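What follows is one structure encoded as structure tokens, with my remarks underneath.
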Amino acid sequence: MKLTTKNNGNTQLNKSIRNFKHQLSFIFLSTGALLTAFLLSYCSKPKSVNNNFEAVDTLVKKEAFQKEIDGKKVDLFVLQNDSGMVVKITNYGARIVSILVPDKNGKYDDITLGYPTIDGYLTDSMYLGCVVGRYANRIGKAQFKLDGKLYKLAANDHGNSLHGGNKGFSARVWDAVQQGDTLTLTYTSPDMEEGYPGNLTVKVQYILTNDNEIIMNYEATTDKKTVVNLTNHAYYNLHGEGNGTILDHFLEIFANQTTEIDSLLIPTGKLVDVKDTPFDFNTPHTIGERINTDNEQIKFGKGYDHNWVLNKKEGEFALAVRLTDTISGRILELYTTEPGVQVYSGNFMNGSVKGKSGKPYEYRTAIAMEPQHFPDSPNKPNFPSTILNPGEKYTQTSIVKIRIQKQ
Ligand code: GLA
């Protein structure tokens, strides 16, 4: 009985040991499998990826942009560098849809405004992320003369023409070719499209570098004398899109003058000094600090919506704007060959549209910094010329560089 008990006890003990060994090997095997899965997924993602990357990344999916528009294929192209930055671009309007970057703690946000699907862009009136053309910003009375001939444009903004007319380059399907981290987009705007003369062939190249730079190279040629003014109209919020206002962002604009505007935001032709005004950003100020000042120019713009005349020679490539968010540690620098930059503090934003993460885009929750020639140049002979002749090549290079200050 005792023996049996003993034997039974031993049997029981052996069984437990066997079970324990079994469980141990199961734990080892599953831990190994988990570890391998983790390593595999870790290696396939950009370096320094925080565990919230996936959540932000999946807000904008390639499938949501694959559609046929105007008989052409629209898609989403993804550029990804070795430093963990991701830029998504659609060939509908050559638009930057997403810019994913970590903050000082490695937490990812999408720092540009955009919609989660192509459909949002089809009804967009904010020009989110697009290339604006044939003429960025406003042309007064929606007309201009070239060699004595009057050209009439779409009067889509209080009797003036805004951002290329009713269907500008922002609403056109561009041809796209991706080679690694370079996306080349081309579009040919036919003679008299939106009232502009000449067949204009436009090429825009987006290149993402390992130094967190988005290089934007523009080129255009024409077969008839015309006017050209191209820019990128991305809106930024360095806290992440939909995460509050940009009024606490520090802004620097390296410019001593702005082009004075009238109440409809058309330049008067006069260049005015920024010294001792709310427009002096040669040293850093938050956007909110002076935005509600009792100043006629501020009132006309309903905040900042002005063109700054950059402190540099024509065609010189230089730093134009620096935007700093001390909370996330993200700093955006804009370099350009253009003579001006339109800075727009989101004064027409009203929460009527929702962005990628479902949050409404409220008043002043983003800033657009658009390197360009001055608004209404075709009617202002004293401004740098925007005329392009056959045989000439329009070129522009602008770079958006993101730095992350770890502290
Ligand atoms: C530009 C203009 C603004 C406004 C926005 C688009 O930045 O300067 O006045 O039209 O585009 O909403």
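Residue numbering restarts at 1 for every chain of the structure tokens, chains are lettered A, B, ... in their displayed order, and ligands are numbered from 1 as they appear.
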Please, which residues have at least one atom within 7 Å of an atom of ligand 1, using only C-alpha atoms and all ligand atoms, listed as number ranges by chain? A: 125-127, 137, 162, 305-306, 342-344, 348, 368
Save out the residues we just selected, N, CA, C and O atoms, as a compact mmCIF listing (two decimals), in the first residue's frame.
# COMPACT_ATOMS: atom_id res chain seq x y z
N SER A 125 -11.32 72.46 -50.58
CA SER A 125 -11.23 73.87 -50.98
C SER A 125 -10.09 74.56 -50.22
O SER A 125 -9.94 75.77 -50.29
N MET A 126 -9.31 73.75 -49.47
CA MET A 126 -8.21 74.35 -48.69
C MET A 126 -6.85 74.23 -49.39
O MET A 126 -5.87 74.72 -48.90
N TYR A 127 -6.81 73.51 -50.48
CA TYR A 127 -5.57 73.27 -51.24
C TYR A 127 -4.55 72.48 -50.40
O TYR A 127 -3.35 72.74 -50.45
N ASN A 137 -1.45 81.82 -55.63
CA ASN A 137 -2.03 83.00 -55.01
C ASN A 137 -2.85 83.83 -56.02
O ASN A 137 -3.33 83.30 -57.00
N LEU A 162 -7.75 83.07 -57.90
CA LEU A 162 -6.94 82.46 -56.84
C LEU A 162 -6.45 81.08 -57.26
O LEU A 162 -7.23 80.26 -57.77
N ASP A 305 -1.64 86.45 -43.59
CA ASP A 305 -1.91 85.90 -44.93
C ASP A 305 -1.23 86.85 -45.90
O ASP A 305 -1.88 87.57 -46.65
N HIS A 306 0.08 86.89 -45.83
CA HIS A 306 0.86 87.90 -46.53
C HIS A 306 2.08 87.29 -47.20
O HIS A 306 2.53 86.21 -46.82
N GLN A 342 4.57 83.17 -49.07
CA GLN A 342 3.25 83.50 -48.55
C GLN A 342 3.06 82.70 -47.28
O GLN A 342 3.17 81.47 -47.29
N VAL A 343 2.83 83.40 -46.18
CA VAL A 343 2.60 82.69 -44.92
C VAL A 343 1.14 82.91 -44.53
O VAL A 343 0.68 84.04 -44.41
N TYR A 344 0.44 81.80 -44.38
CA TYR A 344 -1.01 81.83 -44.12
C TYR A 344 -1.29 81.07 -42.83
O TYR A 344 -0.96 79.88 -42.72
N PHE A 348 -8.97 81.10 -42.53
CA PHE A 348 -10.27 80.70 -43.11
C PHE A 348 -10.68 79.31 -42.63
O PHE A 348 -11.74 78.81 -43.01
N ALA A 368 0.50 77.45 -43.43
CA ALA A 368 1.06 77.13 -44.76
C ALA A 368 2.15 78.15 -45.05
O ALA A 368 1.97 79.34 -44.79
DSSP-assigned strand (DSSP E or B) members of stretch 327-371 of chain A, reported as a PyMOL selection string: chain A and resi 330-336+340-344+354+360+367-371
Writing out the chosen residues with C-alpha atoms as a PDB file, in the first residue's frame:
ATOM      1  CA  ARG A 330      10.245  69.443 -33.961  1.00  0.00           C
ATOM      2  CA  ILE A 331      11.737  72.222 -36.053  1.00  0.00           C
ATOM      3  CA  LEU A 332      10.806  72.841 -39.683  1.00  0.00           C
ATOM      4  CA  GLU A 333      13.090  74.831 -41.945  1.00  0.00           C
ATOM      5  CA  LEU A 334      12.091  76.014 -45.395  1.00  0.00           C
ATOM      6  CA  TYR A 335      14.800  76.839 -47.931  1.00  0.00           C
ATOM      7  CA  THR A 336      14.043  78.227 -51.368  1.00  0.00           C
ATOM      8  CA  GLY A 340       8.936  85.495 -51.587  1.00  0.00           C
ATOM      9  CA  VAL A 341       6.983  83.339 -49.184  1.00  0.00           C
ATOM     10  CA  GLN A 342       3.247  83.503 -48.554  1.00  0.00           C
ATOM     11  CA  VAL A 343       2.602  82.691 -44.916  1.00  0.00           C
ATOM     12  CA  TYR A 344      -1.006  81.833 -44.123  1.00  0.00           C
ATOM     13  CA  LYS A 354     -12.177  66.407 -40.765  1.00  0.00           C
ATOM     14  CA  PRO A 360     -11.929  68.656 -37.422  1.00  0.00           C
ATOM     15  CA  ILE A 367       0.198  77.148 -41.046  1.00  0.00           C
ATOM     16  CA  ALA A 368       1.055  77.127 -44.755  1.00  0.00           C
ATOM     17  CA  MET A 369       4.392  78.540 -45.896  1.00  0.00           C
ATOM     18  CA  GLU A 370       4.397  78.845 -49.667  1.00  0.00           C
ATOM     19  CA  PRO A 371       7.656  79.808 -51.386  1.00  0.00           C
TER      20      PRO A 371
END
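All residues in stretch 117-304 of chain A with a DSSP state of alpha helix (DSSP H), computed from the backbone, read Ile118, Asp119, Gly120, Tyr121, Leu122, Glu296, Gln297, Ile298, Lys299, Phe300 and Gly301 of chain A.
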Take the selection from the previous step and output its residues with N, CA and C atoms, as a short mmCIF file (atom, residue, chain, number, x, y, z; two decimals), in the first residue's frame.
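Below is the file that was written, out_0.cif:
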data_model
loop_
_atom_site.label_atom_id
_atom_site.label_comp_id
_atom_site.auth_asym_id
_atom_site.auth_seq_id
_atom_site.Cartn_x
_atom_site.Cartn_y
_atom_site.Cartn_z
N ILE A 118 -8.91 59.49 -51.01
CA ILE A 118 -8.85 60.38 -52.19
C ILE A 118 -10.12 61.24 -52.26
N ASP A 119 -11.24 60.70 -51.80
CA ASP A 119 -12.50 61.45 -51.91
C ASP A 119 -12.46 62.80 -51.20
N GLY A 120 -11.75 62.86 -50.08
CA GLY A 120 -11.60 64.13 -49.37
C GLY A 120 -10.98 65.19 -50.27
N TYR A 121 -10.02 64.77 -51.08
CA TYR A 121 -9.31 65.72 -51.94
C TYR A 121 -10.18 66.20 -53.11
N LEU A 122 -11.16 65.37 -53.51
CA LEU A 122 -11.98 65.75 -54.66
C LEU A 122 -12.89 66.93 -54.35
N GLU A 296 -3.88 97.51 -39.58
CA GLU A 296 -4.72 97.38 -40.79
C GLU A 296 -4.34 96.16 -41.64
N GLN A 297 -3.04 95.93 -41.81
CA GLN A 297 -2.59 94.79 -42.63
C GLN A 297 -3.02 93.46 -42.00
N ILE A 298 -2.92 93.39 -40.68
CA ILE A 298 -3.38 92.17 -39.97
C ILE A 298 -4.88 91.99 -40.19
N LYS A 299 -5.62 93.13 -40.13
CA LYS A 299 -7.09 93.05 -40.30
C LYS A 299 -7.43 92.58 -41.71
N PHE A 300 -6.74 93.12 -42.72
CA PHE A 300 -7.02 92.72 -44.10
C PHE A 300 -6.75 91.22 -44.29
N GLY A 301 -5.72 90.73 -43.65
CA GLY A 301 -5.36 89.30 -43.79
C GLY A 301 -6.14 88.40 -42.86
#
Please provide the set of residues having any atom within 9 Å of A:Gly391, restricted to only C-alpha atoms, with same-chain residues fewer than 5 positions apart removed, written as a PyMOL selection string. chain A and resi 221-223
Keeping N, CA and C atoms, export the residues of the selection given above as a JSON list (two decimals), in the first residue's frame.
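After the write, part.json holds the following:
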[["chain", "number", "residue", "atom", "x", "y", "z"],
["A", 221, "THR", "N", 8.29, 74.47, -69.04],
["A", 221, "THR", "CA", 8.61, 75.09, -70.34],
["A", 221, "THR", "C", 7.29, 75.35, -71.07],
["A", 222, "THR", "N", 7.32, 76.31, -71.98],
["A", 222, "THR", "CA", 6.10, 76.70, -72.70],
["A", 222, "THR", "C", 6.37, 76.84, -74.19],
["A", 223, "ASP", "N", 5.29, 76.80, -74.98],
["A", 223, "ASP", "CA", 5.46, 77.05, -76.42],
["A", 223, "ASP", "C", 4.91, 78.42, -76.83]]
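Atom CA of A:Lys313 sits 21.0 Å away from atom CA of A:Ala136.
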Nearby residues (only C-alpha atoms) at most 12 Å from A:Lys401, same-chain spacing under 3 positions excluded, as a PDB file with N, CA, C and O atoms, in the first residue's frame:
ATOM      1  N   MET A  85      11.639  58.710 -41.215  1.00  0.00           N
ATOM      2  CA  MET A  85      10.638  59.677 -41.709  1.00  0.00           C
ATOM      3  C   MET A  85       9.926  59.084 -42.925  1.00  0.00           C
ATOM      4  O   MET A  85      10.559  58.443 -43.764  1.00  0.00           O
ATOM      5  N   ILE A  99       3.178  63.427 -43.626  1.00  0.00           N
ATOM      6  CA  ILE A  99       4.600  63.504 -43.255  1.00  0.00           C
ATOM      7  C   ILE A  99       4.688  62.948 -41.831  1.00  0.00           C
ATOM      8  O   ILE A  99       4.223  63.581 -40.877  1.00  0.00           O
ATOM      9  N   VAL A 101       6.808  61.927 -38.681  1.00  0.00           N
ATOM     10  CA  VAL A 101       8.111  62.113 -38.031  1.00  0.00           C
ATOM     11  C   VAL A 101       7.976  61.920 -36.524  1.00  0.00           C
ATOM     12  O   VAL A 101       6.951  62.271 -35.930  1.00  0.00           O
ATOM     13  N   ILE A 207      11.953  64.562 -53.445  1.00  0.00           N
ATOM     14  CA  ILE A 207      13.009  63.630 -53.030  1.00  0.00           C
ATOM     15  C   ILE A 207      13.096  63.659 -51.503  1.00  0.00           C
ATOM     16  O   ILE A 207      13.216  64.746 -50.916  1.00  0.00           O
ATOM     17  N   LEU A 208      13.052  62.486 -50.886  1.00  0.00           N
ATOM     18  CA  LEU A 208      13.223  62.424 -49.430  1.00  0.00           C
ATOM     19  C   LEU A 208      14.645  61.959 -49.128  1.00  0.00           C
ATOM     20  O   LEU A 208      15.066  60.902 -49.597  1.00  0.00           O
ATOM     21  N   THR A 209      15.393  62.757 -48.365  1.00  0.00           N
ATOM     22  CA  THR A 209      16.778  62.381 -48.053  1.00  0.00           C
ATOM     23  C   THR A 209      16.871  61.796 -46.636  1.00  0.00           C
ATOM     24  O   THR A 209      15.946  61.960 -45.824  1.00  0.00           O
ATOM     25  N   ASN A 210      18.021  61.174 -46.348  1.00  0.00           N
ATOM     26  CA  ASN A 210      18.222  60.614 -45.004  1.00  0.00           C
ATOM     27  C   ASN A 210      18.441  61.694 -43.955  1.00  0.00           C
ATOM     28  O   ASN A 210      18.501  61.407 -42.763  1.00  0.00           O
ATOM     29  N   ASP A 211      18.588  62.954 -44.397  1.00  0.00           N
ATOM     30  CA  ASP A 211      18.704  64.078 -43.454  1.00  0.00           C
ATOM     31  C   ASP A 211      17.341  64.716 -43.175  1.00  0.00           C
ATOM     32  O   ASP A 211      17.268  65.891 -42.793  1.00  0.00           O
ATOM     33  N   ASN A 212      16.272  63.957 -43.401  1.00  0.00           N
ATOM     34  CA  ASN A 212      14.906  64.451 -43.173  1.00  0.00           C
ATOM     35  C   ASN A 212      14.562  65.684 -43.990  1.00  0.00           C
ATOM     36  O   ASN A 212      13.903  66.611 -43.502  1.00  0.00           O
ATOM     37  N   GLU A 213      15.033  65.700 -45.243  1.00  0.00           N
ATOM     38  CA  GLU A 213      14.689  66.812 -46.132  1.00  0.00           C
ATOM     39  C   GLU A 213      13.734  66.311 -47.207  1.00  0.00           C
ATOM     40  O   GLU A 213      13.948  65.230 -47.772  1.00  0.00           O
ATOM     41  N   ILE A 214      12.722  67.129 -47.494  1.00  0.00           N
ATOM     42  CA  ILE A 214      11.900  66.872 -48.682  1.00  0.00           C
ATOM     43  C   ILE A 214      12.344  67.924 -49.693  1.00  0.00           C
ATOM     44  O   ILE A 214      12.095  69.119 -49.518  1.00  0.00           O
ATOM     45  N   ILE A 215      13.045  67.450 -50.722  1.00  0.00           N
ATOM     46  CA  ILE A 215      13.499  68.379 -51.759  1.00  0.00           C
ATOM     47  C   ILE A 215      12.396  68.465 -52.809  1.00  0.00           C
ATOM     48  O   ILE A 215      11.868  67.443 -53.247  1.00  0.00           O
ATOM     49  N   MET A 216      12.049  69.686 -53.176  1.00  0.00           N
ATOM     50  CA  MET A 216      11.025  69.885 -54.216  1.00  0.00           C
ATOM     51  C   MET A 216      11.657  70.650 -55.365  1.00  0.00           C
ATOM     52  O   MET A 216      12.009  71.815 -55.209  1.00  0.00           O
ATOM     53  N   LEU A 319      17.813  79.983 -46.584  1.00  0.00           N
ATOM     54  CA  LEU A 319      16.809  79.705 -45.552  1.00  0.00           C
ATOM     55  C   LEU A 319      15.793  80.842 -45.531  1.00  0.00           C
ATOM     56  O   LEU A 319      16.167  82.013 -45.437  1.00  0.00           O
ATOM     57  N   ALA A 320      14.506  80.500 -45.635  1.00  0.00           N
ATOM     58  CA  ALA A 320      13.454  81.520 -45.678  1.00  0.00           C
ATOM     59  C   ALA A 320      12.651  81.562 -44.383  1.00  0.00           C
ATOM     60  O   ALA A 320      12.343  82.644 -43.864  1.00  0.00           O
ATOM     61  N   VAL A 321      12.304  80.390 -43.861  1.00  0.00           N
ATOM     62  CA  VAL A 321      11.416  80.309 -42.693  1.00  0.00           C
ATOM     63  C   VAL A 321      11.890  79.214 -41.753  1.00  0.00           C
ATOM     64  O   VAL A 321      12.363  78.167 -42.207  1.00  0.00           O
ATOM     65  N   ARG A 322      11.753  79.459 -40.450  1.00  0.00           N
ATOM     66  CA  ARG A 322      11.971  78.395 -39.459  1.00  0.00           C
ATOM     67  C   ARG A 322      10.767  78.378 -38.521  1.00  0.00           C
ATOM     68  O   ARG A 322      10.353  79.428 -38.016  1.00  0.00           O
ATOM     69  N   LEU A 323      10.223  77.189 -38.303  1.00  0.00           N
ATOM     70  CA  LEU A 323       9.061  77.018 -37.429  1.00  0.00           C
ATOM     71  C   LEU A 323       9.470  76.054 -36.326  1.00  0.00           C
ATOM     72  O   LEU A 323       9.976  74.969 -36.613  1.00  0.00           O
ATOM     73  N   THR A 324       9.269  76.451 -35.070  1.00  0.00           N
ATOM     74  CA  THR A 324       9.741  75.627 -33.949  1.00  0.00           C
ATOM     75  C   THR A 324       8.611  75.314 -32.977  1.00  0.00           C
ATOM     76  O   THR A 324       7.884  76.218 -32.549  1.00  0.00           O
ATOM     77  N   ARG A 330      10.137  69.439 -32.491  1.00  0.00           N
ATOM     78  CA  ARG A 330      10.245  69.443 -33.961  1.00  0.00           C
ATOM     79  C   ARG A 330      10.488  70.859 -34.482  1.00  0.00           C
ATOM     80  O   ARG A 330       9.831  71.808 -34.049  1.00  0.00           O
ATOM     81  N   ILE A 331      11.422  70.941 -35.417  1.00  0.00           N
ATOM     82  CA  ILE A 331      11.737  72.222 -36.053  1.00  0.00           C
ATOM     83  C   ILE A 331      11.631  72.016 -37.559  1.00  0.00           C
ATOM     84  O   ILE A 331      12.185  71.053 -38.094  1.00  0.00           O
ATOM     85  N   LEU A 332      10.918  72.928 -38.222  1.00  0.00           N
ATOM     86  CA  LEU A 332      10.806  72.841 -39.683  1.00  0.00           C
ATOM     87  C   LEU A 332      11.536  74.031 -40.292  1.00  0.00           C
ATOM     88  O   LEU A 332      11.312  75.176 -39.888  1.00  0.00           O
ATOM     89  N   GLU A 333      12.411  73.746 -41.232  1.00  0.00           N
ATOM     90  CA  GLU A 333      13.090  74.831 -41.945  1.00  0.00           C
ATOM     91  C   GLU A 333      12.717  74.765 -43.416  1.00  0.00           C
ATOM     92  O   GLU A 333      12.693  73.681 -44.008  1.00  0.00           O
ATOM     93  N   LEU A 334      12.433  75.937 -43.973  1.00  0.00           N
ATOM     94  CA  LEU A 334      12.091  76.014 -45.395  1.00  0.00           C
ATOM     95  C   LEU A 334      13.157  76.823 -46.127  1.00  0.00           C
ATOM     96  O   LEU A 334      13.422  77.980 -45.774  1.00  0.00           O
ATOM     97  N   TYR A 335      13.775  76.190 -47.093  1.00  0.00           N
ATOM     98  CA  TYR A 335      14.800  76.839 -47.931  1.00  0.00           C
ATOM     99  C   TYR A 335      14.211  76.994 -49.325  1.00  0.00           C
ATOM    100  O   TYR A 335      13.459  76.123 -49.777  1.00  0.00           O
ATOM    101  N   THR A 336      14.588  78.060 -50.018  1.00  0.00           N
ATOM    102  CA  THR A 336      14.043  78.227 -51.368  1.00  0.00           C
ATOM    103  C   THR A 336      14.890  79.127 -52.259  1.00  0.00           C
ATOM    104  O   THR A 336      15.675  79.943 -51.764  1.00  0.00           O
ATOM    105  N   SER A 398      12.903  74.129 -53.647  1.00  0.00           N
ATOM    106  CA  SER A 398      12.574  74.438 -52.253  1.00  0.00           C
ATOM    107  C   SER A 398      12.798  73.177 -51.432  1.00  0.00           C
ATOM    108  O   SER A 398      12.590  72.067 -51.940  1.00  0.00           O
ATOM    109  N   ILE A 404      14.891  67.376 -35.239  1.00  0.00           N
ATOM    110  CA  ILE A 404      14.243  67.000 -33.976  1.00  0.00           C
ATOM    111  C   ILE A 404      15.220  67.307 -32.865  1.00  0.00           C
ATOM    112  O   ILE A 404      16.320  66.723 -32.799  1.00  0.00           O
TER     113      ILE A 404
END
Expressed in Å to a single decimal, how great is the separation between atom CA of A:Glu54 and atom CA of A:Leu100? 10.6 Å
Tell me, counting only C-alpha atoms, for each residue of stretch 254-356 of chain A within 10 Å of stretch 236-248 of chain A, which pair of atoms is nearest and how far apart they are in Å to one decimal, in rows ordered by chain and increasing number, as JSON lines.
{"residue": "A:His285", "atom": "CA", "partner": "A:Asp248", "partner_atom": "CA", "distance": 9.0}
{"residue": "A:Thr286", "atom": "CA", "partner": "A:Asp248", "partner_atom": "CA", "distance": 5.4}
{"residue": "A:Ile287", "atom": "CA", "partner": "A:Leu247", "partner_atom": "CA", "distance": 4.8}
{"residue": "A:Gly288", "atom": "CA", "partner": "A:Leu247", "partner_atom": "CA", "distance": 4.2}
{"residue": "A:Glu289", "atom": "CA", "partner": "A:Leu247", "partner_atom": "CA", "distance": 7.6}
{"residue": "A:Arg290", "atom": "CA", "partner": "A:Leu247", "partner_atom": "CA", "distance": 9.8}
{"residue": "A:Ile291", "atom": "CA", "partner": "A:Leu247", "partner_atom": "CA", "distance": 8.6}
{"residue": "A:Leu323", "atom": "CA", "partner": "A:Leu238", "partner_atom": "CA", "distance": 8.4}
{"residue": "A:Thr324", "atom": "CA", "partner": "A:Leu238", "partner_atom": "CA", "distance": 7.7}
{"residue": "A:Asp325", "atom": "CA", "partner": "A:Leu238", "partner_atom": "CA", "distance": 6.1}
{"residue": "A:Thr326", "atom": "CA", "partner": "A:Asp248", "partner_atom": "CA", "distance": 8.7}
{"residue": "A:Ile327", "atom": "CA", "partner": "A:His239", "partner_atom": "CA", "distance": 7.7}
{"residue": "A:Ser328", "atom": "CA", "partner": "A:His239", "partner_atom": "CA", "distance": 6.3}
{"residue": "A:Gly329", "atom": "CA", "partner": "A:Leu238", "partner_atom": "CA", "distance": 8.7}
{"residue": "A:Arg330", "atom": "CA", "partner": "A:Leu238", "partner_atom": "CA", "distance": 6.3}
{"residue": "A:Ile331", "atom": "CA", "partner": "A:Leu238", "partner_atom": "CA", "distance": 7.7}
{"residue": "A:Leu332", "atom": "CA", "partner": "A:Leu238", "partner_atom": "CA", "distance": 8.1}
{"residue": "A:Ser345", "atom": "CA", "partner": "A:Ile246", "partner_atom": "CA", "distance": 8.0}
{"residue": "A:Gly346", "atom": "CA", "partner": "A:Ile246", "partner_atom": "CA", "distance": 9.1}
{"residue": "A:Gly351", "atom": "CA", "partner": "A:Gly242", "partner_atom": "CA", "distance": 10.0}
{"residue": "A:Lys354", "atom": "CA", "partner": "A:Gly242", "partner_atom": "CA", "distance": 8.5}
{"residue": "A:Gly355", "atom": "CA", "partner": "A:Gly242", "partner_atom": "CA", "distance": 7.1}
{"residue": "A:Lys356", "atom": "CA", "partner": "A:Glu241", "partner_atom": "CA", "distance": 8.0}
Go ahead and dump the residues you just picked, N, CA and C atoms, as a PDB file, in the first residue's frame.
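New file selection06.pdb:
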ATOM      1  N   HIS A 285       9.244  84.788 -32.793  1.00  0.00           N
ATOM      2  CA  HIS A 285       8.049  85.178 -32.029  1.00  0.00           C
ATOM      3  C   HIS A 285       7.043  84.065 -32.220  1.00  0.00           C
ATOM      4  N   THR A 286       6.188  83.840 -31.229  1.00  0.00           N
ATOM      5  CA  THR A 286       5.132  82.855 -31.471  1.00  0.00           C
ATOM      6  C   THR A 286       4.146  83.471 -32.460  1.00  0.00           C
ATOM      7  N   ILE A 287       3.457  82.594 -33.201  1.00  0.00           N
ATOM      8  CA  ILE A 287       2.496  83.085 -34.204  1.00  0.00           C
ATOM      9  C   ILE A 287       1.386  83.857 -33.496  1.00  0.00           C
ATOM     10  N   GLY A 288       1.009  83.383 -32.301  1.00  0.00           N
ATOM     11  CA  GLY A 288      -0.109  83.992 -31.588  1.00  0.00           C
ATOM     12  C   GLY A 288       0.191  85.338 -30.945  1.00  0.00           C
ATOM     13  N   GLU A 289       1.464  85.616 -30.706  1.00  0.00           N
ATOM     14  CA  GLU A 289       1.838  86.797 -29.906  1.00  0.00           C
ATOM     15  C   GLU A 289       1.230  88.110 -30.429  1.00  0.00           C
ATOM     16  N   ARG A 290       1.281  88.315 -31.749  1.00  0.00           N
ATOM     17  CA  ARG A 290       0.835  89.613 -32.272  1.00  0.00           C
ATOM     18  C   ARG A 290      -0.255  89.467 -33.338  1.00  0.00           C
ATOM     19  N   ILE A 291      -0.829  88.260 -33.437  1.00  0.00           N
ATOM     20  CA  ILE A 291      -1.754  87.975 -34.551  1.00  0.00           C
ATOM     21  C   ILE A 291      -3.066  88.757 -34.472  1.00  0.00           C
ATOM     22  N   LEU A 323      10.223  77.189 -38.303  1.00  0.00           N
ATOM     23  CA  LEU A 323       9.061  77.018 -37.429  1.00  0.00           C
ATOM     24  C   LEU A 323       9.470  76.054 -36.326  1.00  0.00           C
ATOM     25  N   THR A 324       9.269  76.451 -35.070  1.00  0.00           N
ATOM     26  CA  THR A 324       9.741  75.627 -33.949  1.00  0.00           C
ATOM     27  C   THR A 324       8.611  75.314 -32.977  1.00  0.00           C
ATOM     28  N   ASP A 325       8.492  74.056 -32.631  1.00  0.00           N
ATOM     29  CA  ASP A 325       7.547  73.641 -31.587  1.00  0.00           C
ATOM     30  C   ASP A 325       8.378  73.119 -30.422  1.00  0.00           C
ATOM     31  N   THR A 326       8.406  73.862 -29.340  1.00  0.00           N
ATOM     32  CA  THR A 326       9.258  73.485 -28.209  1.00  0.00           C
ATOM     33  C   THR A 326       8.715  72.253 -27.469  1.00  0.00           C
ATOM     34  N   ILE A 327       7.418  71.972 -27.620  1.00  0.00           N
ATOM     35  CA  ILE A 327       6.829  70.825 -26.907  1.00  0.00           C
ATOM     36  C   ILE A 327       7.282  69.491 -27.533  1.00  0.00           C
ATOM     37  N   SER A 328       7.130  69.384 -28.848  1.00  0.00           N
ATOM     38  CA  SER A 328       7.522  68.131 -29.524  1.00  0.00           C
ATOM     39  C   SER A 328       9.011  68.094 -29.833  1.00  0.00           C
ATOM     40  N   GLY A 329       9.638  69.267 -29.851  1.00  0.00           N
ATOM     41  CA  GLY A 329      11.051  69.350 -30.234  1.00  0.00           C
ATOM     42  C   GLY A 329      11.239  69.363 -31.749  1.00  0.00           C
ATOM     43  N   ARG A 330      10.137  69.439 -32.491  1.00  0.00           N
ATOM     44  CA  ARG A 330      10.245  69.443 -33.961  1.00  0.00           C
ATOM     45  C   ARG A 330      10.488  70.859 -34.482  1.00  0.00           C
ATOM     46  N   ILE A 331      11.422  70.941 -35.417  1.00  0.00           N
ATOM     47  CA  ILE A 331      11.737  72.222 -36.053  1.00  0.00           C
ATOM     48  C   ILE A 331      11.631  72.016 -37.559  1.00  0.00           C
ATOM     49  N   LEU A 332      10.918  72.928 -38.222  1.00  0.00           N
ATOM     50  CA  LEU A 332      10.806  72.841 -39.683  1.00  0.00           C
ATOM     51  C   LEU A 332      11.536  74.031 -40.292  1.00  0.00           C
ATOM     52  N   SER A 345      -1.872  81.768 -41.861  1.00  0.00           N
ATOM     53  CA  SER A 345      -2.043  81.163 -40.530  1.00  0.00           C
ATOM     54  C   SER A 345      -3.406  80.487 -40.332  1.00  0.00           C
ATOM     55  N   GLY A 346      -3.988  80.014 -41.410  1.00  0.00           N
ATOM     56  CA  GLY A 346      -5.228  79.221 -41.299  1.00  0.00           C
ATOM     57  C   GLY A 346      -6.433  80.027 -40.851  1.00  0.00           C
ATOM     58  N   GLY A 351     -13.254  74.316 -39.063  1.00  0.00           N
ATOM     59  CA  GLY A 351     -13.679  73.035 -38.491  1.00  0.00           C
ATOM     60  C   GLY A 351     -14.675  72.279 -39.350  1.00  0.00           C
ATOM     61  N   LYS A 354     -12.916  67.256 -41.706  1.00  0.00           N
ATOM     62  CA  LYS A 354     -12.177  66.407 -40.765  1.00  0.00           C
ATOM     63  C   LYS A 354     -10.971  65.818 -41.465  1.00  0.00           C
ATOM     64  N   GLY A 355      -9.904  65.677 -40.743  1.00  0.00           N
ATOM     65  CA  GLY A 355      -8.668  65.167 -41.323  1.00  0.00           C
ATOM     66  C   GLY A 355      -8.469  63.680 -41.118  1.00  0.00           C
ATOM     67  N   LYS A 356      -7.232  63.253 -41.312  1.00  0.00           N
ATOM     68  CA  LYS A 356      -6.866  61.840 -41.319  1.00  0.00           C
ATOM     69  C   LYS A 356      -7.219  61.099 -40.041  1.00  0.00           C
TER      70      LYS A 356
END
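Take atom CA of A:Glu316 and atom CA of A:Thr395: the distance between them is 12.0 Å.
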Near A:Glu260, within 6 Å and counting only C-alpha atoms, which residues show up once chain neighbours fewer than 6 positions away are dropped, as a VMD selection string? chain A and resid 267 to 268 270 to 271
Could you turn the residues from that selection into a file that holds C-alpha atoms, as an mmCIF file, in the first residue's frame?
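Writing done, so here's part02.cif:
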data_model
loop_
_atom_site.group_PDB
_atom_site.id
_atom_site.type_symbol
_atom_site.label_atom_id
_atom_site.label_comp_id
_atom_site.auth_asym_id
_atom_site.auth_seq_id
_atom_site.Cartn_x
_atom_site.Cartn_y
_atom_site.Cartn_z
ATOM 1 C CA PRO A 267 -0.825 93.682 -53.411
ATOM 2 C CA THR A 268 -0.953 97.463 -53.775
ATOM 3 C CA LYS A 270 4.162 98.893 -52.367
ATOM 4 C CA LEU A 271 6.821 97.052 -50.348
#
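Proximity of A:Thr186, A:Asn256, A:Asn292, A:Ser170 to A:Glu219, computed with only C-alpha atoms, is greatest for A:Thr186.
Across A:Gly303, A:Pro384, A:Pro116, A:Pro197, the tightest approach to A:Lys359 is made by A:Pro116 when counting only C-alpha atoms.
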Please list as JSON, numbers by chain every residue within 6 Å of A:Phe169, counting only C-alpha atoms and excluding residues in the same chain fewer than 2 positions away. {"A": [93, 132, 133, 171, 172]}
